[in-house]
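Source file: start_11.pdb. Holds: PDB, N, CA and C atoms.
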```pdb
ATOM      1  N   MET A   7      -6.778   2.775 -21.464
ATOM      2  CA  MET A   7      -6.423   1.405 -21.132
ATOM      3  C   MET A   7      -5.998   0.708 -22.415
ATOM      4  N   LYS A   8      -4.842   0.094 -22.355
ATOM      5  CA  LYS A   8      -4.306  -0.613 -23.519
ATOM      6  C   LYS A   8      -4.529  -2.111 -23.312
ATOM      7  N   ILE A   9      -5.167  -2.760 -24.278
ATOM      8  CA  ILE A   9      -5.399  -4.204 -24.216
ATOM      9  C   ILE A   9      -4.546  -4.861 -25.298
ATOM     10  N   VAL A  10      -3.730  -5.834 -24.879
ATOM     11  CA  VAL A  10      -2.872  -6.558 -25.818
ATOM     12  C   VAL A  10      -3.060  -8.056 -25.620
ATOM     13  N   THR A  11      -2.770  -8.809 -26.663
ATOM     14  CA  THR A  11      -2.865 -10.266 -26.562
ATOM     15  C   THR A  11      -1.617 -10.819 -25.875
ATOM     16  N   ILE A  12      -1.681 -12.049 -25.471
ATOM     17  CA  ILE A  12      -0.540 -12.696 -24.826
ATOM     18  C   ILE A  12       0.656 -12.722 -25.777
ATOM     19  N   HIS A  13       0.424 -13.002 -27.025
ATOM     20  CA  HIS A  13       1.512 -13.047 -28.013
ATOM     21  C   HIS A  13       2.216 -11.691 -28.111
ATOM     22  N   VAL A  14       1.451 -10.624 -28.204
ATOM     23  CA  VAL A  14       2.027  -9.274 -28.274
ATOM     24  C   VAL A  14       2.747  -8.952 -26.958
ATOM     25  N   ALA A  15       2.154  -9.359 -25.838
ATOM     26  CA  ALA A  15       2.773  -9.095 -24.534
ATOM     27  C   ALA A  15       4.131  -9.786 -24.425
ATOM     28  N   LYS A  16       4.233 -11.023 -24.904
ATOM     29  CA  LYS A  16       5.515 -11.726 -24.871
ATOM     30  C   LYS A  16       6.544 -11.034 -25.758
ATOM     31  N   THR A  17       6.103 -10.549 -26.882
ATOM     32  CA  THR A  17       7.007  -9.900 -27.829
ATOM     33  C   THR A  17       7.482  -8.536 -27.343
ATOM     34  N   HIS A  18       6.611  -7.785 -26.688
ATOM     35  CA  HIS A  18       6.911  -6.399 -26.300
ATOM     36  C   HIS A  18       6.841  -6.189 -24.786
ATOM     37  N   LEU A  19       7.234  -7.179 -24.020
ATOM     38  CA  LEU A  19       7.090  -7.107 -22.562
ATOM     39  C   LEU A  19       7.812  -5.905 -21.957
ATOM     40  N   SER A  20       9.033  -5.636 -22.393
ATOM     41  CA  SER A  20       9.785  -4.503 -21.831
ATOM     42  C   SER A  20       9.050  -3.190 -22.046
ATOM     43  N   ARG A  21       8.514  -2.990 -23.234
ATOM     44  CA  ARG A  21       7.766  -1.756 -23.527
ATOM     45  C   ARG A  21       6.507  -1.657 -22.679
ATOM     46  N   LEU A  22       5.818  -2.773 -22.527
ATOM     47  CA  LEU A  22       4.590  -2.768 -21.737
ATOM     48  C   LEU A  22       4.880  -2.487 -20.263
ATOM     49  N   ILE A  23       5.981  -3.022 -19.771
ATOM     50  CA  ILE A  23       6.373  -2.753 -18.378
ATOM     51  C   ILE A  23       6.639  -1.272 -18.197
ATOM     52  N   GLU A  24       7.332  -0.652 -19.140
ATOM     53  CA  GLU A  24       7.606   0.790 -19.054
ATOM     54  C   GLU A  24       6.311   1.593 -19.046
ATOM     55  N   LYS A  25       5.359   1.197 -19.886
ATOM     56  CA  LYS A  25       4.077   1.898 -19.935
ATOM     57  C   LYS A  25       3.341   1.762 -18.603
ATOM     58  N   ALA A  26       3.350   0.557 -18.036
ATOM     59  CA  ALA A  26       2.676   0.339 -16.754
ATOM     60  C   ALA A  26       3.351   1.145 -15.647
ATOM     61  N   CYS A  27       4.673   1.197 -15.650
ATOM     62  CA  CYS A  27       5.399   1.953 -14.630
ATOM     63  C   CYS A  27       5.159   3.454 -14.753
ATOM     64  N   SER A  28       4.849   3.922 -15.954
ATOM     65  CA  SER A  28       4.586   5.346 -16.136
ATOM     66  C   SER A  28       3.124   5.693 -15.876
ATOM     67  N   GLY A  29       2.319   4.699 -15.475
ATOM     68  CA  GLY A  29       0.945   4.970 -15.071
ATOM     69  C   GLY A  29      -0.125   4.513 -16.041
ATOM     70  N   GLU A  30       0.266   4.032 -17.193
ATOM     71  CA  GLU A  30      -0.732   3.566 -18.157
ATOM     72  C   GLU A  30      -1.241   2.187 -17.738
ATOM     73  N   GLU A  31      -2.531   1.965 -17.915
ATOM     74  CA  GLU A  31      -3.111   0.675 -17.565
ATOM     75  C   GLU A  31      -2.942  -0.272 -18.748
ATOM     76  N   VAL A  32      -2.332  -1.414 -18.502
ATOM     77  CA  VAL A  32      -2.086  -2.404 -19.558
ATOM     78  C   VAL A  32      -2.798  -3.697 -19.168
ATOM     79  N   VAL A  33      -3.680  -4.160 -20.045
ATOM     80  CA  VAL A  33      -4.427  -5.398 -19.807
ATOM     81  C   VAL A  33      -3.976  -6.416 -20.850
ATOM     82  N   ILE A  34      -3.699  -7.625 -20.382
ATOM     83  CA  ILE A  34      -3.301  -8.715 -21.280
ATOM     84  C   ILE A  34      -4.496  -9.652 -21.440
ATOM     85  N   ALA A  35      -4.807  -9.960 -22.697
ATOM     86  CA  ALA A  35      -5.988 -10.766 -22.991
ATOM     87  C   ALA A  35      -5.601 -12.069 -23.660
ATOM     88  N   ARG A  36      -6.409 -13.077 -23.394
ATOM     89  CA  ARG A  36      -6.285 -14.357 -24.095
ATOM     90  C   ARG A  36      -7.381 -14.328 -25.160
ATOM     91  N   GLY A  37      -6.964 -14.098 -26.396
ATOM     92  CA  GLY A  37      -7.950 -13.885 -27.466
ATOM     93  C   GLY A  37      -8.607 -12.529 -27.251
ATOM     94  N   ASP A  38      -9.923 -12.517 -27.093
ATOM     95  CA  ASP A  38     -10.609 -11.249 -26.824
ATOM     96  C   ASP A  38     -11.065 -11.148 -25.362
ATOM     97  N   GLN A  39     -10.617 -12.089 -24.539
ATOM     98  CA  GLN A  39     -11.000 -12.127 -23.121
ATOM     99  C   GLN A  39      -9.880 -11.567 -22.241
ATOM    100  N   PRO A  40     -10.062 -10.405 -21.573
ATOM    101  CA  PRO A  40      -9.026  -9.882 -20.666
ATOM    102  C   PRO A  40      -8.785 -10.852 -19.508
ATOM    103  N   VAL A  41      -7.503 -11.112 -19.200
ATOM    104  CA  VAL A  41      -7.190 -12.049 -18.116
ATOM    105  C   VAL A  41      -6.357 -11.433 -17.001
ATOM    106  N   VAL A  42      -5.424 -10.556 -17.313
ATOM    107  CA  VAL A  42      -4.587  -9.960 -16.266
ATOM    108  C   VAL A  42      -4.345  -8.482 -16.555
ATOM    109  N   LYS A  43      -4.019  -7.766 -15.478
ATOM    110  CA  LYS A  43      -3.666  -6.360 -15.603
ATOM    111  C   LYS A  43      -2.216  -6.208 -15.165
ATOM    112  N   LEU A  44      -1.429  -5.511 -15.955
ATOM    113  CA  LEU A  44      -0.024  -5.282 -15.651
ATOM    114  C   LEU A  44       0.080  -3.963 -14.882
ATOM    115  N   VAL A  45       0.529  -4.055 -13.628
ATOM    116  CA  VAL A  45       0.652  -2.855 -12.785
ATOM    117  C   VAL A  45       2.015  -2.859 -12.105
ATOM    118  N   PRO A  46       2.552  -1.666 -11.789
ATOM    119  CA  PRO A  46       3.835  -1.620 -11.091
ATOM    120  C   PRO A  46       3.678  -2.070  -9.634
ATOM    121  N   VAL A  47       4.727  -2.617  -9.088
ATOM    122  CA  VAL A  47       4.731  -3.026  -7.689
ATOM    123  C   VAL A  47       4.844  -1.766  -6.835
ATOM    124  N   ALA A  48       4.031  -1.677  -5.799
ATOM    125  CA  ALA A  48       4.066  -0.505  -4.922
ATOM    126  C   ALA A  48       5.408  -0.443  -4.201
ATOM    127  N   LYS A  49       5.913   0.760  -4.046
ATOM    128  CA  LYS A  49       7.178   0.913  -3.340
ATOM    129  C   LYS A  49       6.979   0.608  -1.870
ATOM    130  N   ARG A  50       7.958  -0.024  -1.276
ATOM    131  CA  ARG A  50       7.889  -0.356   0.145
ATOM    132  C   ARG A  50       8.119   0.882   0.981
ATOM    133  N   ALA A  51       7.402   0.948   2.063
ATOM    134  CA  ALA A  51       7.621   2.043   3.004
ATOM    135  C   ALA A  51       8.979   1.834   3.672
ATOM    136  N   PRO A  52       9.675   2.903   3.986
ATOM    137  CA  PRO A  52      10.976   2.735   4.637
ATOM    138  C   PRO A  52      10.812   2.057   5.997
ATOM    139  N   LYS A  53      11.814   1.296   6.395
ATOM    140  CA  LYS A  53      11.755   0.615   7.684
ATOM    141  C   LYS A  53      11.734   1.645   8.809
ATOM    142  N   ARG A  54      11.023   1.301   9.858
ATOM    143  CA  ARG A  54      10.952   2.194  11.005
ATOM    144  C   ARG A  54      12.277   2.195  11.743
ATOM    145  N   LYS A  55      12.652   3.361  12.203
ATOM    146  CA  LYS A  55      13.901   3.490  12.938
ATOM    147  C   LYS A  55      13.575   3.618  14.420
ATOM    148  N   PHE A  56      14.062   2.673  15.207
ATOM    149  CA  PHE A  56      13.792   2.675  16.638
ATOM    150  C   PHE A  56      14.360   3.940  17.274
ATOM    151  N   GLY A  57      13.543   4.626  18.045
ATOM    152  CA  GLY A  57      13.989   5.829  18.747
ATOM    153  C   GLY A  57      13.931   7.090  17.907
ATOM    154  N   ALA A  58      13.255   7.046  16.761
ATOM    155  CA  ALA A  58      13.220   8.209  15.870
ATOM    156  C   ALA A  58      12.505   9.403  16.503
ATOM    157  N   LEU A  59      11.604   9.170  17.441
ATOM    158  CA  LEU A  59      10.866  10.265  18.077
ATOM    159  C   LEU A  59      11.442  10.667  19.442
ATOM    160  N   LYS A  60      12.591  10.125  19.778
ATOM    161  CA  LYS A  60      13.194  10.439  21.073
ATOM    162  C   LYS A  60      13.432  11.948  21.174
ATOM    163  N   GLY A  61      12.921  12.521  22.253
ATOM    164  CA  GLY A  61      13.072  13.952  22.478
ATOM    165  C   GLY A  61      12.031  14.806  21.766
ATOM    166  N   LYS A  62      11.190  14.189  20.929
ATOM    167  CA  LYS A  62      10.165  14.919  20.187
ATOM    168  C   LYS A  62       8.776  14.745  20.780
ATOM    169  N   VAL A  63       8.603  13.731  21.620
ATOM    170  CA  VAL A  63       7.311  13.445  22.230
ATOM    171  C   VAL A  63       7.485  13.474  23.739
ATOM    172  N   ALA A  64       6.571  14.173  24.403
ATOM    173  CA  ALA A  64       6.631  14.236  25.867
ATOM    174  C   ALA A  64       5.300  13.765  26.446
ATOM    175  N   LEU A  65       5.368  12.999  27.522
ATOM    176  CA  LEU A  65       4.167  12.538  28.214
ATOM    177  C   LEU A  65       3.983  13.376  29.473
ATOM    178  N   GLY A  66       2.732  13.716  29.747
ATOM    179  CA  GLY A  66       2.442  14.485  30.953
ATOM    180  C   GLY A  66       2.658  13.647  32.203
ATOM    181  N   ASP A  67       2.761  14.315  33.357
ATOM    182  CA  ASP A  67       2.977  13.610  34.625
ATOM    183  C   ASP A  67       1.829  12.666  34.957
ATOM    184  N   ASP A  68       0.626  12.976  34.470
ATOM    185  CA  ASP A  68      -0.539  12.162  34.808
ATOM    186  C   ASP A  68      -0.796  11.043  33.785
ATOM    187  N   PHE A  69       0.105  10.814  32.868
ATOM    188  CA  PHE A  69      -0.131   9.848  31.796
ATOM    189  C   PHE A  69      -0.408   8.444  32.333
ATOM    190  N   PHE A  70       0.309   8.019  33.355
ATOM    191  CA  PHE A  70       0.169   6.652  33.863
ATOM    192  C   PHE A  70      -0.845   6.537  34.999
ATOM    193  N   ARG A  71      -1.461   7.646  35.379
ATOM    194  CA  ARG A  71      -2.494   7.584  36.421
ATOM    195  C   ARG A  71      -3.757   6.956  35.843
ATOM    196  N   PRO A  72      -4.491   6.203  36.669
ATOM    197  CA  PRO A  72      -5.735   5.598  36.180
ATOM    198  C   PRO A  72      -6.732   6.679  35.749
ATOM    199  N   LEU A  73      -7.541   6.324  34.759
ATOM    200  CA  LEU A  73      -8.577   7.248  34.295
ATOM    201  C   LEU A  73      -9.680   7.369  35.346
ATOM    202  N   PRO A  74     -10.362   8.498  35.373
ATOM    203  CA  PRO A  74     -11.508   8.636  36.286
ATOM    204  C   PRO A  74     -12.599   7.632  35.912
ATOM    205  N   ARG A  75     -13.416   7.259  36.879
ATOM    206  CA  ARG A  75     -14.469   6.258  36.684
ATOM    207  C   ARG A  75     -15.388   6.655  35.531
ATOM    208  N   ALA A  76     -15.729   7.949  35.398
ATOM    209  CA  ALA A  76     -16.635   8.400  34.331
ATOM    210  C   ALA A  76     -16.023   8.114  32.952
ATOM    211  N   ALA A  77     -14.737   8.332  32.789
ATOM    212  CA  ALA A  77     -14.073   8.070  31.512
ATOM    213  C   ALA A  77     -14.045   6.571  31.222
ATOM    214  N   LEU A  78     -13.777   5.751  32.230
ATOM    215  CA  LEU A  78     -13.777   4.295  32.044
ATOM    216  C   LEU A  78     -15.163   3.791  31.674
ATOM    217  N   ASP A  79     -16.186   4.341  32.322
ATOM    218  CA  ASP A  79     -17.552   3.925  32.027
ATOM    219  C   ASP A  79     -17.944   4.292  30.591
ATOM    220  N   ALA A  80     -17.434   5.424  30.088
ATOM    221  CA  ALA A  80     -17.743   5.846  28.724
ATOM    222  C   ALA A  80     -17.201   4.836  27.709
ATOM    223  N   TRP A  81     -16.093   4.183  27.987
ATOM    224  CA  TRP A  81     -15.533   3.184  27.093
ATOM    225  C   TRP A  81     -16.360   1.899  27.064
ATOM    226  N   GLU A  82     -17.079   1.644  28.136
ATOM    227  CA  GLU A  82     -17.864   0.420  28.244
ATOM    228  C   GLU A  82     -19.191   0.500  27.477
ATOM    229  N   LYS A  83     -19.648   1.688  27.142
ATOM    230  CA  LYS A  83     -20.977   1.839  26.514
ATOM    231  C   LYS A  83     -20.911   1.665  25.038
TER     232      LYS A  83
END
```
Mind turning this structure into structure tokens?
Amino acid sequence: MKIVTIHVAKTHLSRLIEKACSGEEVVIARGDQPVVKLVPVAKRAPKRKFGALKGKVALGDDFFRPLPRAALDAWEK
């Protein structure tokens, strides 16, 4: 873990960002008191594509039939 002061962080921000993006933990301190941690932003998951599973998932003929009473009662307990 690398701890730097605010002054050093302002001076070397680009370098510190590169270190954080490569996995190094960078903490910025005010004097000798740590105040923030510099971390990379998590990558966003790709947007879902409507119909991506079409033809890959099949439902049985009984899928929409009501469950037996014993199965329904098991959910209530």
Centre, edges in Å (one decimal): axis-aligned box, region 33-44 of chain A, 6 Å padding on all six sides, as JSON:
```
{"center_x": -5.5, "center_y": -9.2, "center_z": -21.2, "size_x": 23.1, "size_y": 22.4, "size_z": 24.6}
```
Q: From a DSSP calculation on the backbone, collect every residue of chain A in alpha helix (DSSP H) and output the set as JSON, numbers by chain.
A: {"A": [12, 13, 14, 15, 16, 17, 19, 20, 21, 22, 23, 24, 25, 26, 27, 75, 76, 77, 78, 79, 80, 81, 82]}
Which of chain A end up as strand (DSSP E) when DSSP is run on this backbone - answer as a CSV table (one decimal) with N, CA and C atoms, in the frame of the given file?
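Listed below is the output, part.csv:
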```
chain,number,residue,atom,x,y,z
A,8,LYS,N,-4.8,0.1,-22.4
A,8,LYS,CA,-4.3,-0.6,-23.5
A,8,LYS,C,-4.5,-2.1,-23.3
A,9,ILE,N,-5.2,-2.8,-24.3
A,9,ILE,CA,-5.4,-4.2,-24.2
A,9,ILE,C,-4.5,-4.9,-25.3
A,10,VAL,N,-3.7,-5.8,-24.9
A,10,VAL,CA,-2.9,-6.6,-25.8
A,10,VAL,C,-3.1,-8.1,-25.6
A,11,THR,N,-2.8,-8.8,-26.7
A,11,THR,CA,-2.9,-10.3,-26.6
A,11,THR,C,-1.6,-10.8,-25.9
A,32,VAL,N,-2.3,-1.4,-18.5
A,32,VAL,CA,-2.1,-2.4,-19.6
A,32,VAL,C,-2.8,-3.7,-19.2
A,33,VAL,N,-3.7,-4.2,-20.0
A,33,VAL,CA,-4.4,-5.4,-19.8
A,33,VAL,C,-4.0,-6.4,-20.8
A,34,ILE,N,-3.7,-7.6,-20.4
A,34,ILE,CA,-3.3,-8.7,-21.3
A,34,ILE,C,-4.5,-9.7,-21.4
A,35,ALA,N,-4.8,-10.0,-22.7
A,35,ALA,CA,-6.0,-10.8,-23.0
A,35,ALA,C,-5.6,-12.1,-23.7
A,36,ARG,N,-6.4,-13.1,-23.4
A,36,ARG,CA,-6.3,-14.4,-24.1
A,36,ARG,C,-7.4,-14.3,-25.2
A,39,GLN,N,-10.6,-12.1,-24.5
A,39,GLN,CA,-11.0,-12.1,-23.1
A,39,GLN,C,-9.9,-11.6,-22.2
A,40,PRO,N,-10.1,-10.4,-21.6
A,40,PRO,CA,-9.0,-9.9,-20.7
A,40,PRO,C,-8.8,-10.9,-19.5
A,41,VAL,N,-7.5,-11.1,-19.2
A,41,VAL,CA,-7.2,-12.0,-18.1
A,41,VAL,C,-6.4,-11.4,-17.0
A,42,VAL,N,-5.4,-10.6,-17.3
A,42,VAL,CA,-4.6,-10.0,-16.3
A,42,VAL,C,-4.3,-8.5,-16.6
A,43,LYS,N,-4.0,-7.8,-15.5
A,43,LYS,CA,-3.7,-6.4,-15.6
A,43,LYS,C,-2.2,-6.2,-15.2
A,44,LEU,N,-1.4,-5.5,-16.0
A,44,LEU,CA,0.0,-5.3,-15.7
A,44,LEU,C,0.1,-4.0,-14.9
```
Q | Result set, the PyMOL selection byres ((chain A and resi 46) around 8) on current file, as a count of residues only | A | 12
**Q.** Expansion of the PyMOL selection byres ((chain A and resi 34) around 7) into residues, as a PyMOL selection string
**A.** chain A and resi 8-12+15+32-33+35-36+39-44
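The space between CA of Lys16 (chain A) and CA of Glu30 (chain A) spans 17.8 Å.
With atom N of Ala80 (chain A) on one side and atom N of Asp68 (chain A) on the other, the separation reads 20.1 Å.
Between CA of Glu24 (chain A) and CA of Met7 (chain A) the separation is 14.2 Å.
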